[in-house]
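Okay, coords.cif now, which holds mmCIF, C-alpha atoms:
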data_final
#
loop_
_atom_site.label_atom_id
_atom_site.label_comp_id
_atom_site.auth_asym_id
_atom_site.auth_seq_id
_atom_site.Cartn_x
_atom_site.Cartn_y
_atom_site.Cartn_z
CA MET A 1 59.02 47.91 -93.35
CA THR A 2 61.09 45.55 -91.26
CA ALA A 3 63.37 46.80 -88.50
CA TYR A 4 66.50 48.48 -89.80
CA TYR A 5 69.61 46.41 -90.26
CA ASP A 6 73.02 46.86 -91.86
CA TYR A 7 73.62 44.41 -94.70
CA PHE A 8 77.05 42.85 -95.18
CA SER A 9 78.25 40.69 -98.06
CA PRO A 10 81.65 39.31 -97.00
CA THR A 11 83.73 37.81 -99.76
CA THR A 12 85.79 35.44 -97.61
CA TRP A 13 84.97 33.01 -94.82
CA ASP A 14 87.37 34.85 -92.50
CA GLU A 15 85.55 38.11 -93.14
CA ALA A 16 82.23 36.42 -92.36
CA VAL A 17 83.52 34.97 -89.11
CA SER A 18 85.10 38.28 -88.14
CA LEU A 19 81.78 40.06 -88.67
CA LEU A 20 79.99 37.46 -86.58
CA MET A 21 82.52 37.82 -83.76
CA THR A 22 82.29 41.61 -83.92
CA TYR A 23 78.52 41.84 -83.78
CA GLY A 24 77.72 38.74 -81.76
CA PRO A 25 74.13 37.68 -81.16
CA ASP A 26 72.74 40.87 -82.75
CA ALA A 27 73.83 39.60 -86.15
CA LYS A 28 72.06 37.02 -88.28
CA ILE A 29 73.59 34.92 -91.03
CA LEU A 30 71.63 34.97 -94.29
CA ALA A 31 71.81 31.98 -96.60
CA GLY A 32 68.84 31.55 -98.97
CA GLY A 33 66.62 33.92 -97.05
CA THR A 34 63.42 31.90 -97.07
CA VAL A 35 63.46 31.62 -93.28
CA VAL A 36 65.26 34.78 -92.13
CA MET A 37 63.50 37.19 -94.54
CA ASN A 38 60.18 35.58 -93.60
CA GLN A 39 60.89 36.02 -89.87
CA LEU A 40 61.98 39.63 -90.46
CA ALA A 41 58.81 40.45 -92.38
CA ARG A 42 56.68 39.03 -89.58
CA GLY A 43 58.62 40.89 -86.90
CA LEU A 44 59.76 37.66 -85.24
CA ILE A 45 63.41 38.70 -85.31
CA ALA A 46 65.12 42.08 -85.34
CA PRO A 47 68.83 41.62 -86.00
CA ARG A 48 70.96 44.75 -86.20
CA GLN A 49 73.15 43.19 -88.87
CA ILE A 50 72.47 40.73 -91.67
CA ILE A 51 75.57 38.88 -92.89
CA SER A 52 74.89 37.39 -96.30
CA LEU A 53 77.30 34.66 -97.35
CA ASP A 54 76.31 34.46 -101.01
CA ARG A 55 79.34 36.35 -102.33
CA ILE A 56 81.94 33.97 -100.85
CA PRO A 57 83.63 31.99 -103.66
CA GLY A 58 82.77 28.31 -103.40
CA TRP A 59 79.57 29.08 -101.51
CA ASP A 60 77.50 26.84 -103.78
CA THR A 61 80.11 24.69 -105.49
CA ILE A 62 79.55 20.95 -105.77
CA HIS A 63 82.56 18.60 -106.02
CA MET A 64 82.09 15.01 -107.06
CA ASP A 65 85.05 12.63 -106.97
CA GLY A 66 83.58 9.51 -105.42
CA ALA A 67 82.80 11.46 -102.29
CA VAL A 68 80.48 14.42 -102.77
CA THR A 69 81.15 17.78 -101.18
CA PHE A 70 78.80 20.71 -101.62
CA GLY A 71 79.07 24.24 -100.35
CA ALA A 72 76.76 25.48 -97.62
CA GLY A 73 75.03 27.73 -100.12
CA THR A 74 74.05 24.89 -102.44
CA THR A 75 70.37 25.30 -103.22
CA TYR A 76 67.76 22.56 -103.52
CA ARG A 77 67.58 23.31 -107.24
CA GLN A 78 71.31 22.78 -107.62
CA ILE A 79 71.09 19.49 -105.72
CA GLU A 80 68.20 18.34 -107.93
CA ARG A 81 70.11 19.00 -111.08
CA ALA A 82 73.70 18.14 -110.22
CA LEU A 83 72.99 14.87 -108.39
CA ARG A 84 70.04 13.63 -110.43
CA THR A 85 71.93 10.63 -111.80
CA THR A 86 74.55 10.17 -109.07
CA PRO A 87 74.22 6.63 -107.67
CA GLY A 88 72.86 6.51 -104.13
CA PHE A 89 71.68 10.12 -104.08
CA THR A 90 68.08 9.46 -105.10
CA ALA A 91 66.75 10.20 -101.61
CA LEU A 92 68.48 13.58 -101.44
CA VAL A 93 67.34 14.54 -104.94
CA GLU A 94 63.79 13.45 -104.16
CA ALA A 95 63.77 15.44 -100.92
CA ALA A 96 65.24 18.49 -102.65
CA GLY A 97 62.46 18.37 -105.25
CA LYS A 98 59.69 18.35 -102.67
CA VAL A 99 60.67 21.37 -100.59
CA GLY A 100 58.35 24.35 -100.84
CA SER A 101 57.96 25.55 -104.41
CA VAL A 102 60.21 26.30 -107.36
CA GLN A 103 60.67 29.83 -106.05
CA VAL A 104 61.79 28.48 -102.68
CA ARG A 105 64.04 25.78 -104.15
CA ASN A 106 65.83 28.31 -106.36
CA VAL A 107 67.24 30.15 -103.33
CA ALA A 108 66.86 27.99 -100.21
CA THR A 109 69.93 26.10 -99.02
CA ILE A 110 70.65 22.80 -97.30
CA ALA A 111 72.81 24.63 -94.75
CA GLY A 112 69.96 26.97 -93.96
CA ASN A 113 67.69 23.97 -93.48
CA PHE A 114 70.15 22.49 -90.95
CA CYS A 115 70.88 25.78 -89.19
CA HIS A 116 67.18 26.58 -88.76
CA ALA A 117 67.12 23.15 -87.11
CA SER A 118 63.47 22.31 -87.34
CA PRO A 119 63.08 18.58 -86.66
CA ALA A 120 61.00 18.38 -89.86
CA GLY A 121 63.65 19.57 -92.32
CA ASP A 122 63.34 17.47 -95.45
CA SER A 123 67.05 17.59 -96.31
CA MET A 124 67.97 15.97 -93.01
CA PRO A 125 66.86 12.32 -93.23
CA PRO A 126 68.57 11.79 -96.62
CA LEU A 127 71.84 13.28 -95.38
CA LEU A 128 71.67 11.25 -92.18
CA ALA A 129 71.12 8.14 -94.29
CA LEU A 130 74.18 9.03 -96.37
CA ASP A 131 76.44 9.42 -93.29
CA ALA A 132 76.98 13.06 -94.18
CA SER A 133 78.95 15.49 -92.07
CA LEU A 134 79.07 19.26 -91.85
CA VAL A 135 82.32 21.17 -92.08
CA LEU A 136 82.19 24.18 -89.78
CA TYR A 137 84.45 27.21 -89.79
CA GLY A 138 84.93 29.65 -86.97
CA PRO A 139 87.42 31.67 -84.96
CA ASP A 140 89.17 28.46 -83.88
CA GLY A 141 89.40 27.13 -87.42
CA THR A 142 87.72 24.14 -89.04
CA ARG A 143 85.94 21.22 -87.44
CA THR A 144 83.64 18.49 -88.71
CA VAL A 145 80.38 17.36 -87.10
CA PRO A 146 78.33 14.34 -88.24
CA ALA A 147 74.95 15.38 -89.60
CA ASP A 148 73.10 13.46 -86.89
CA GLU A 149 74.99 15.37 -84.18
CA PHE A 150 74.59 18.85 -85.67
CA ILE A 151 71.02 19.44 -84.53
CA VAL A 152 70.90 19.00 -80.77
CA ALA A 153 67.35 20.15 -80.03
CA PRO A 154 64.52 21.91 -81.88
CA LYS A 155 65.95 25.13 -83.35
CA THR A 156 69.30 24.47 -81.63
CA THR A 157 72.52 23.49 -83.42
CA ALA A 158 76.02 22.49 -82.38
CA LEU A 159 77.46 25.74 -83.78
CA HIS A 160 79.77 27.61 -81.42
CA PRO A 161 79.68 31.44 -81.36
CA GLY A 162 81.27 32.81 -84.50
CA GLU A 163 80.94 29.53 -86.40
CA VAL A 164 79.29 29.03 -89.76
CA VAL A 165 78.58 25.98 -91.86
CA ARG A 166 81.03 25.92 -94.75
CA GLU A 167 80.17 22.74 -96.60
CA PHE A 168 78.59 19.29 -96.47
CA HIS A 169 80.57 16.14 -97.05
CA VAL A 170 79.10 12.82 -98.12
CA PRO A 171 81.59 9.94 -98.18
CA ALA A 172 81.83 7.75 -101.26
CA LEU A 173 79.00 5.23 -101.30
CA PRO A 174 79.65 1.53 -101.75
CA ASN A 175 78.46 -0.17 -104.93
CA GLY A 176 74.98 -1.56 -104.67
CA THR A 177 73.60 1.40 -102.65
CA ALA A 178 70.04 2.53 -103.23
CA THR A 179 68.13 5.20 -101.34
CA ALA A 180 64.58 6.49 -101.11
CA PHE A 181 62.83 9.47 -99.52
CA LEU A 182 59.16 9.75 -98.67
CA LYS A 183 57.37 12.83 -97.38
CA PHE A 184 53.95 12.81 -95.78
CA GLY A 185 51.68 15.84 -95.57
CA ARG A 186 48.39 17.17 -96.86
CA ARG A 187 49.54 18.46 -100.20
CA GLN A 188 52.18 18.09 -102.88
CA ALA A 189 53.96 21.42 -102.35
CA MET A 190 54.48 24.19 -99.81
CA GLU A 191 54.15 21.70 -96.98
CA ILE A 192 55.96 21.11 -93.72
CA SER A 193 56.35 17.35 -93.34
CA PHE A 194 54.12 15.56 -90.86
CA VAL A 195 56.57 12.68 -91.18
CA CYS A 196 59.51 12.24 -93.53
CA VAL A 197 61.64 9.17 -93.99
CA ALA A 198 64.86 8.36 -95.80
CA ALA A 199 66.13 4.82 -96.23
CA ARG A 200 69.32 3.43 -97.64
CA LEU A 201 70.19 -0.17 -98.44
CA THR A 202 73.58 -1.31 -99.62
CA LEU A 203 73.14 -4.72 -101.20
CA ALA A 204 75.69 -7.47 -101.75
CA PRO A 205 76.29 -8.55 -105.36
CA ASP A 206 73.59 -11.18 -104.94
CA ARG A 207 71.18 -8.23 -104.61
CA ARG A 208 69.50 -10.04 -101.76
CA THR A 209 71.81 -9.69 -98.75
CA CYS A 210 71.95 -6.35 -96.98
CA ILE A 211 75.46 -5.11 -96.24
CA ALA A 212 74.40 -1.80 -94.76
CA ALA A 213 71.09 -0.20 -93.85
CA ARG A 214 70.17 3.31 -92.78
CA ILE A 215 66.74 4.52 -91.71
CA ALA A 216 66.39 8.20 -90.87
CA LEU A 217 63.20 9.81 -89.61
CA GLY A 218 62.14 13.45 -89.62
CA ALA A 219 59.38 15.35 -87.84
CA VAL A 220 58.83 12.59 -85.27
CA ALA A 221 61.37 13.49 -82.59
CA PRO A 222 62.99 16.68 -81.25
CA THR A 223 65.67 16.24 -83.91
CA PRO A 224 65.99 14.12 -87.07
CA ILE A 225 66.98 10.63 -85.91
CA ARG A 226 68.40 7.37 -87.10
CA ALA A 227 66.36 4.25 -86.28
CA ARG A 228 69.48 2.24 -85.42
CA ASP A 229 67.72 -0.76 -83.87
CA ALA A 230 65.72 -1.15 -87.07
CA GLU A 231 68.89 -0.89 -89.14
CA ARG A 232 70.57 -3.64 -87.13
CA VAL A 233 67.70 -6.02 -87.90
CA LEU A 234 68.45 -5.70 -91.59
CA GLU A 235 72.22 -5.62 -91.75
CA GLY A 236 73.80 -8.92 -92.71
CA GLN A 237 70.43 -10.45 -93.43
CA ALA A 238 68.71 -11.70 -96.54
CA LEU A 239 66.07 -9.11 -97.34
CA THR A 240 62.46 -10.28 -97.35
CA PRO A 241 59.09 -8.58 -96.95
CA GLU A 242 58.98 -9.95 -93.41
CA ALA A 243 62.34 -8.35 -92.62
CA PHE A 244 61.01 -5.02 -93.88
CA ASP A 245 57.87 -5.41 -91.74
CA GLU A 246 59.99 -6.07 -88.68
CA ALA A 247 62.30 -3.15 -89.37
CA ALA A 248 59.36 -0.80 -89.95
CA ASP A 249 57.84 -1.89 -86.65
CA ILE A 250 61.05 -1.27 -84.73
CA ALA A 251 61.54 2.07 -86.48
CA MET A 252 58.09 3.11 -85.35
CA HIS A 253 59.21 2.63 -81.76
CA ALA A 254 62.27 4.78 -82.35
CA ALA A 255 60.01 7.74 -83.02
CA SER A 256 58.80 10.02 -80.24
CA PRO A 257 56.42 12.31 -82.08
CA ILE A 258 54.31 15.06 -80.59
CA SER A 259 50.73 15.96 -81.34
CA ASP A 260 50.54 19.37 -82.96
CA LEU A 261 48.40 21.31 -85.39
CA ARG A 262 49.49 19.04 -88.25
CA ALA A 263 48.91 15.57 -86.80
CA SER A 264 48.54 13.55 -83.62
CA ALA A 265 51.43 11.56 -82.18
CA ASP A 266 49.56 8.29 -82.76
CA TYR A 267 48.94 9.09 -86.40
CA ARG A 268 52.58 10.04 -86.92
CA ARG A 269 53.71 6.76 -85.36
CA HIS A 270 51.43 4.84 -87.69
CA ILE A 271 52.70 6.76 -90.71
CA VAL A 272 56.32 6.10 -89.71
CA ARG A 273 55.73 2.38 -89.92
CA VAL A 274 53.95 2.63 -93.28
CA MET A 275 56.55 4.92 -94.79
CA VAL A 276 59.61 3.05 -93.52
CA ARG A 277 58.12 -0.12 -95.00
CA ARG A 278 57.56 1.59 -98.35
CA ALA A 279 60.96 3.28 -98.37
CA LEU A 280 62.75 0.00 -97.73
CA GLU A 281 60.74 -1.68 -100.48
CA LEU A 282 61.71 1.15 -102.86
CA CYS A 283 65.38 0.79 -101.99
CA TRP A 284 65.18 -2.93 -102.65
CA GLN A 285 63.52 -2.41 -106.05
CA ARG A 286 66.04 0.24 -106.99
CA GLY A 287 68.94 -1.88 -105.74
CA ALA A 288 67.80 -4.82 -107.82
CA THR A 289 68.43 -2.87 -111.02
CA LEU A 290 71.85 -1.52 -110.06
CA MET B 1 71.37 54.82 -97.58
CA ILE B 2 73.66 52.79 -99.76
CA PRO B 3 74.12 52.64 -103.52
CA LEU B 4 72.44 49.85 -105.47
CA THR B 5 72.61 49.23 -109.20
CA LEU B 6 69.85 47.06 -110.61
CA HIS B 7 69.50 45.57 -114.09
CA VAL B 8 65.75 45.28 -114.67
CA ASN B 9 64.16 44.31 -117.98
CA GLY B 10 67.31 45.31 -119.84
CA HIS B 11 67.57 48.74 -118.21
CA ILE B 12 70.10 49.89 -115.61
CA TYR B 13 68.86 51.75 -112.55
CA ARG B 14 71.23 53.46 -110.11
CA LEU B 15 69.59 53.91 -106.75
CA GLN B 16 70.23 54.88 -103.16
CA VAL B 17 68.29 52.64 -100.78
CA GLU B 18 68.20 51.63 -97.15
CA PRO B 19 70.03 48.31 -96.65
CA ASN B 20 66.96 46.55 -95.25
CA ARG B 21 64.85 46.85 -98.39
CA THR B 22 63.50 43.83 -100.23
CA LEU B 23 63.70 43.51 -104.00
CA LEU B 24 59.90 43.59 -104.09
CA SER B 25 59.64 46.95 -102.38
CA VAL B 26 62.40 48.52 -104.49
CA LEU B 27 60.78 47.34 -107.73
CA ARG B 28 57.38 48.68 -106.74
CA ASP B 29 58.18 51.79 -104.71
CA ASP B 30 61.46 53.05 -106.18
CA LEU B 31 61.10 51.92 -109.79
CA GLY B 32 57.33 52.19 -110.06
CA LEU B 33 57.14 48.68 -111.53
CA THR B 34 53.92 47.73 -109.82
CA GLY B 35 53.16 44.77 -112.06
CA THR B 36 54.87 42.65 -109.40
CA LYS B 37 52.40 42.36 -106.57
CA GLN B 38 52.62 42.28 -102.80
CA ASN B 39 50.60 39.95 -100.61
CA CYS B 40 51.71 37.37 -98.05
CA LEU B 41 55.31 38.59 -97.62
CA GLN B 42 56.12 35.04 -96.53
CA GLY B 43 57.07 33.35 -99.78
CA THR B 44 53.95 31.21 -99.97
CA CYS B 45 51.60 32.90 -102.46
CA GLY B 46 53.92 33.79 -105.35
CA VAL B 47 52.35 37.08 -106.47
CA CYS B 48 55.76 38.71 -105.97
CA THR B 49 57.51 36.29 -108.34
CA VAL B 50 60.20 37.79 -110.59
CA LEU B 51 63.05 36.16 -112.50
CA VAL B 52 66.60 36.70 -111.27
CA ASP B 53 69.14 35.42 -113.81
CA GLY B 54 66.27 33.44 -115.31
CA LEU B 55 65.19 31.74 -112.07
CA ALA B 56 61.79 32.38 -110.51
CA ILE B 57 62.13 33.74 -106.96
CA ASN B 58 59.87 35.36 -104.38
CA SER B 59 61.02 38.97 -104.39
CA CYS B 60 59.40 39.57 -101.00
CA LEU B 61 62.09 37.35 -99.45
CA TYR B 62 64.99 38.61 -101.59
CA PRO B 63 67.16 41.37 -100.16
CA ALA B 64 67.48 44.21 -102.69
CA GLN B 65 71.23 44.24 -102.04
CA ARG B 66 71.50 40.67 -103.19
CA ALA B 67 70.18 41.62 -106.65
CA GLU B 68 73.23 43.75 -107.44
CA GLY B 69 74.84 42.50 -110.64
CA LYS B 70 72.00 40.18 -111.61
CA GLN B 71 69.50 40.29 -114.47
CA ILE B 72 65.99 40.86 -113.18
CA THR B 73 62.88 40.27 -115.27
CA THR B 74 59.49 41.55 -114.19
CA ILE B 75 56.18 41.24 -116.00
CA GLU B 76 56.78 44.66 -117.55
CA GLY B 77 59.73 43.18 -119.38
CA LEU B 78 57.83 40.62 -121.44
CA ALA B 79 56.08 42.66 -124.10
CA GLU B 80 58.33 43.90 -126.92
CA ASN B 81 57.53 47.03 -128.92
CA GLY B 82 53.96 46.89 -127.72
CA CYS B 83 53.53 43.25 -128.76
CA LEU B 84 52.45 40.91 -126.03
CA HIS B 85 54.62 37.90 -125.21
CA PRO B 86 53.02 34.60 -126.30
CA LEU B 87 52.34 33.79 -122.64
CA GLN B 88 50.51 37.07 -122.11
CA GLN B 89 48.51 36.57 -125.30
CA ALA B 90 47.63 32.99 -124.40
CA PHE B 91 46.40 34.03 -120.96
CA LEU B 92 44.05 36.50 -122.64
CA ASP B 93 42.96 34.11 -125.38
CA LYS B 94 42.21 31.29 -122.93
CA GLN B 95 40.58 33.61 -120.38
CA ALA B 96 43.09 32.56 -117.75
CA VAL B 97 42.92 36.00 -116.13
CA GLN B 98 40.09 36.95 -113.77
CA CYS B 99 41.05 39.44 -111.10
CA GLY B 100 44.57 39.42 -112.47
CA TYR B 101 46.38 39.67 -109.15
CA CYS B 102 48.21 36.33 -109.45
CA THR B 103 48.78 36.70 -113.18
CA PRO B 104 52.16 38.42 -113.34
CA GLY B 105 53.67 35.89 -110.96
CA VAL B 106 52.08 32.93 -112.74
CA ILE B 107 53.28 34.12 -116.13
CA LEU B 108 56.85 34.59 -114.92
CA SER B 109 56.91 31.15 -113.32
CA ALA B 110 55.56 29.73 -116.57
CA LEU B 111 58.17 31.64 -118.56
CA ALA B 112 60.98 30.21 -116.44
CA LEU B 113 59.54 26.73 -117.04
CA LEU B 114 59.17 27.10 -120.80
CA ASN B 115 62.65 28.56 -121.17
CA GLU B 116 63.99 25.34 -119.71
CA ASN B 117 61.35 22.83 -120.83
CA PRO B 118 59.61 23.85 -124.06
CA ASP B 119 57.09 20.98 -124.04
CA PRO B 120 56.05 20.36 -120.44
CA THR B 121 53.57 17.79 -119.23
CA ASP B 122 50.64 18.74 -117.02
CA ASP B 123 52.55 17.52 -113.97
CA GLU B 124 55.58 19.58 -114.90
CA ILE B 125 53.42 22.69 -115.27
CA LYS B 126 51.76 22.03 -111.92
CA THR B 127 55.15 21.64 -110.24
CA ALA B 128 56.41 24.84 -111.84
CA LEU B 129 53.33 26.78 -110.72
CA ALA B 130 52.89 25.19 -107.28
CA GLY B 131 54.26 28.34 -105.67
CA ASN B 132 51.70 30.60 -107.35
CA LEU B 133 48.25 30.60 -105.78
CA CYS B 134 45.14 31.65 -107.72
CA ARG B 135 41.85 32.16 -105.95
CA CYS B 136 39.76 32.93 -109.03
CA THR B 137 40.34 30.59 -111.92
CA GLY B 138 40.61 27.10 -110.45
CA TYR B 139 43.80 26.77 -112.54
CA ALA B 140 42.23 24.90 -115.51
CA LYS B 141 42.43 27.89 -117.86
CA ILE B 142 45.93 28.63 -116.61
CA MET B 143 47.01 25.12 -117.62
CA GLU B 144 45.45 25.58 -121.08
CA ALA B 145 47.14 28.94 -121.50
CA VAL B 146 50.58 27.59 -120.61
CA HIS B 147 50.19 24.70 -123.08
CA ALA B 148 48.98 27.09 -125.79
CA ALA B 149 51.86 29.50 -125.22
CA ALA B 150 54.35 26.63 -125.23
CA GLU B 151 53.06 25.55 -128.61
CA VAL B 152 53.47 29.06 -130.02
CA MET B 153 56.93 29.42 -128.51
CA ARG B 154 58.07 26.14 -130.02
CA ARG B 155 57.47 27.40 -133.53
#
Show me, as structure tokens, the structure contained in the file I just sent.
Amino acid sequence: MTAYYDYFSPTTWDEAVSLLMTYGPDAKILAGGTVVMNQLARGLIAPRQIISLDRIPGWDTIHMDGAVTFGAGTTYRQIERALRTTPGFTALVEAAGKVGSVQVRNVATIAGNFCHASPAGDSMPPLLALDASLVLYGPDGTRTVPADEFIVAPKTTALHPGEVVREFHVPALPNGTATAFLKFGRRQAMEISFVCVAARLTLAPDRRTCIAARIALGAVAPTPIRARDAERVLEGQALTPEAFDEAADIAMHAASPISDLRASADYRRHIVRVMVRRALELCWQRGATL
Amino acid sequence: MIPLTLHVNGHIYRLQVEPNRTLLSVLRDDLGLTGTKQNCLQGTCGVCTVLVDGLAINSCLYPAQRAEGKQITTIEGLAENGCLHPLQQAFLDKQAVQCGYCTPGVILSALALLNENPDPTDDEIKTALAGNLCRCTGYAKIMEAVHAAAEVMRR
């Protein structure tokens, strides 16, 4: 049996924040549970209080009105289904479909992925590529943090004491936007990415000129990162295979991977270049049919 | 101890449990429903799979408190009046059961799939069952059994 804890199910955000402020660092927020319950079972954490947010109205609501806003409790399954045909969201839907297993995707949340703050979180590169931001709520009210500023170091977020993630916001995407997500590992499920990549191309009506490019990399730096130098090479240019090669090369240099039990740094760098190349190619193909 | 009301296989159970219990341990130890198995306790093997409001979840990672007000289905809830569910029958007919330890979880994951997708492809079955590990069968008979059950359920 895991260490004893009191279990709270607040029904408002204010109640959740108040509980967090009362109990401080002894308390742990519970979203989907696939990380926290796992850590509890293995004795890695021993919080005195678990604060589950799943009974707060709006916790997993998705709003689509040009921009897309989804509650912190939105699960990968919900993302897969609700955004399956939403233009520009292919990368996020693809990433959501590759996390863990069906059992994991039915409960695990995007907010939990960000708050756990592993650099390899699969939901991160797509949301960075979509210019997403996180809406936080705490004792001082609401504030918004861009997705690429939320994770500041491995397992460290920009959350202040008493703050929780309330929702994600993705601004309306311009016409002609196509995205792609690629995940590299040993197997097709239940895998932590060795490298993951999300790309986004917004194409001009000629379907050849790039208006906007985003390349986001996961598992190859202390946090998920944008390969901004690579993006700049593409923006405003006519897209060609050579342009993709160049961008993939520059993106590779944006990565600062480590060698760990999954892969060596050199191998990860190599895979970054291959996968950025492929992801850009996919975006171009998808954009051509928009 | 705090009160917990669970709806399991169409029955209502009113319990008093410690707040740090998982759904898995309450099902097995308080309700005696030991068809759901315990193994990795990490959400990787799937032997603890049950359906909550029709969705397959790892009950080892699911706080018992969270299950309040939801419909839970365990393997014990599939047979009706002593008649095996088509999935159970197919697993026997196709010899998709060896040691049997993964079987309840596999069948529930397959049930969740077929309830949503009555005619799945091989890839769709593999995706649905990717969170259920089997060390005995090599999965081929499991695939046959799911296809066979789907065909019966479509009638």
Assuming the chain letters and numbering stay as they are in my file, what does the PyMOL selection byres ((chain A) within 8 of (chain B)) actually select? List them as a count of residues only. 21
Would you kindly translate the PyMOL selection byres ((chain A and resi 203) around 8) into the concrete residues it picks from this file, as a PyMOL selection string? chain A and resi 175-177+201-202+204-212+287
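Around the coordinate (42.0, 39.8, -110.2), residues that reach within 10 Å when counting all atoms listed in the file are Val97, Gln98, Cys99, Gly100, Tyr101, Cys102, Thr103, Cys134, Arg135, Cys136 and Thr137 of chain B.
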Quick one: which residues end up in the PyMOL selection byres ((chain A and resi 224) around 8) for this structure, as a list in words? Pro119, Ala120, Gly121, Met124, Pro125, Asp148, Ile151, Ala216, Leu217, Gly218, Ala219, Val220, Ala221, Pro222, Thr223, Ile225 and Arg226 of chain A
Please compute the CA of Leu31 in chain B-CA of Leu92 in chain B distance, one decimal, in Å. 26.3 Å
Output requested as a short mmCIF file (atom, residue, chain, number, x, y, z; two decimals), in the coordinates of the input - range 163-180 of chain A, filled out with N, CA and C atoms.
data_model
loop_
_atom_site.label_atom_id
_atom_site.label_comp_id
_atom_site.auth_asym_id
_atom_site.auth_seq_id
_atom_site.Cartn_x
_atom_site.Cartn_y
_atom_site.Cartn_z
N GLU A 163 80.81 30.59 -85.41
CA GLU A 163 80.94 29.53 -86.40
C GLU A 163 79.85 29.58 -87.45
N VAL A 164 80.25 29.18 -88.68
CA VAL A 164 79.29 29.03 -89.76
C VAL A 164 79.49 27.67 -90.40
N VAL A 165 78.46 27.20 -91.08
CA VAL A 165 78.58 25.98 -91.86
C VAL A 165 79.26 26.35 -93.17
N ARG A 166 80.30 25.62 -93.53
CA ARG A 166 81.03 25.92 -94.75
C ARG A 166 80.66 24.98 -95.87
N GLU A 167 80.56 23.69 -95.57
CA GLU A 167 80.17 22.74 -96.60
C GLU A 167 79.67 21.44 -95.98
N PHE A 168 79.05 20.63 -96.84
CA PHE A 168 78.59 19.29 -96.47
C PHE A 168 79.48 18.28 -97.17
N HIS A 169 79.74 17.18 -96.47
CA HIS A 169 80.57 16.14 -97.05
C HIS A 169 79.83 14.81 -96.96
N VAL A 170 79.71 14.15 -98.10
CA VAL A 170 79.10 12.82 -98.12
C VAL A 170 80.17 11.85 -98.58
N PRO A 171 80.53 10.86 -97.77
CA PRO A 171 81.59 9.94 -98.18
C PRO A 171 81.14 9.11 -99.38
N ALA A 172 82.12 8.57 -100.10
CA ALA A 172 81.83 7.75 -101.26
C ALA A 172 80.95 6.58 -100.85
N LEU A 173 79.94 6.30 -101.64
CA LEU A 173 79.00 5.23 -101.30
C LEU A 173 79.44 3.93 -101.92
N PRO A 174 79.26 2.83 -101.19
CA PRO A 174 79.65 1.53 -101.75
C PRO A 174 78.77 1.18 -102.95
N ASN A 175 79.30 0.35 -103.85
CA ASN A 175 78.46 -0.17 -104.93
C ASN A 175 77.26 -0.87 -104.35
N GLY A 176 76.17 -0.84 -105.12
CA GLY A 176 74.98 -1.56 -104.67
C GLY A 176 74.14 -0.76 -103.67
N THR A 177 74.36 0.56 -103.59
CA THR A 177 73.60 1.40 -102.65
C THR A 177 72.42 2.04 -103.35
N ALA A 178 71.26 1.89 -102.74
CA ALA A 178 70.04 2.53 -103.23
C ALA A 178 69.38 3.27 -102.08
N THR A 179 68.79 4.41 -102.38
CA THR A 179 68.13 5.20 -101.34
C THR A 179 66.75 5.61 -101.79
N ALA A 180 65.94 6.00 -100.81
CA ALA A 180 64.58 6.49 -101.11
C ALA A 180 64.18 7.50 -100.05
#
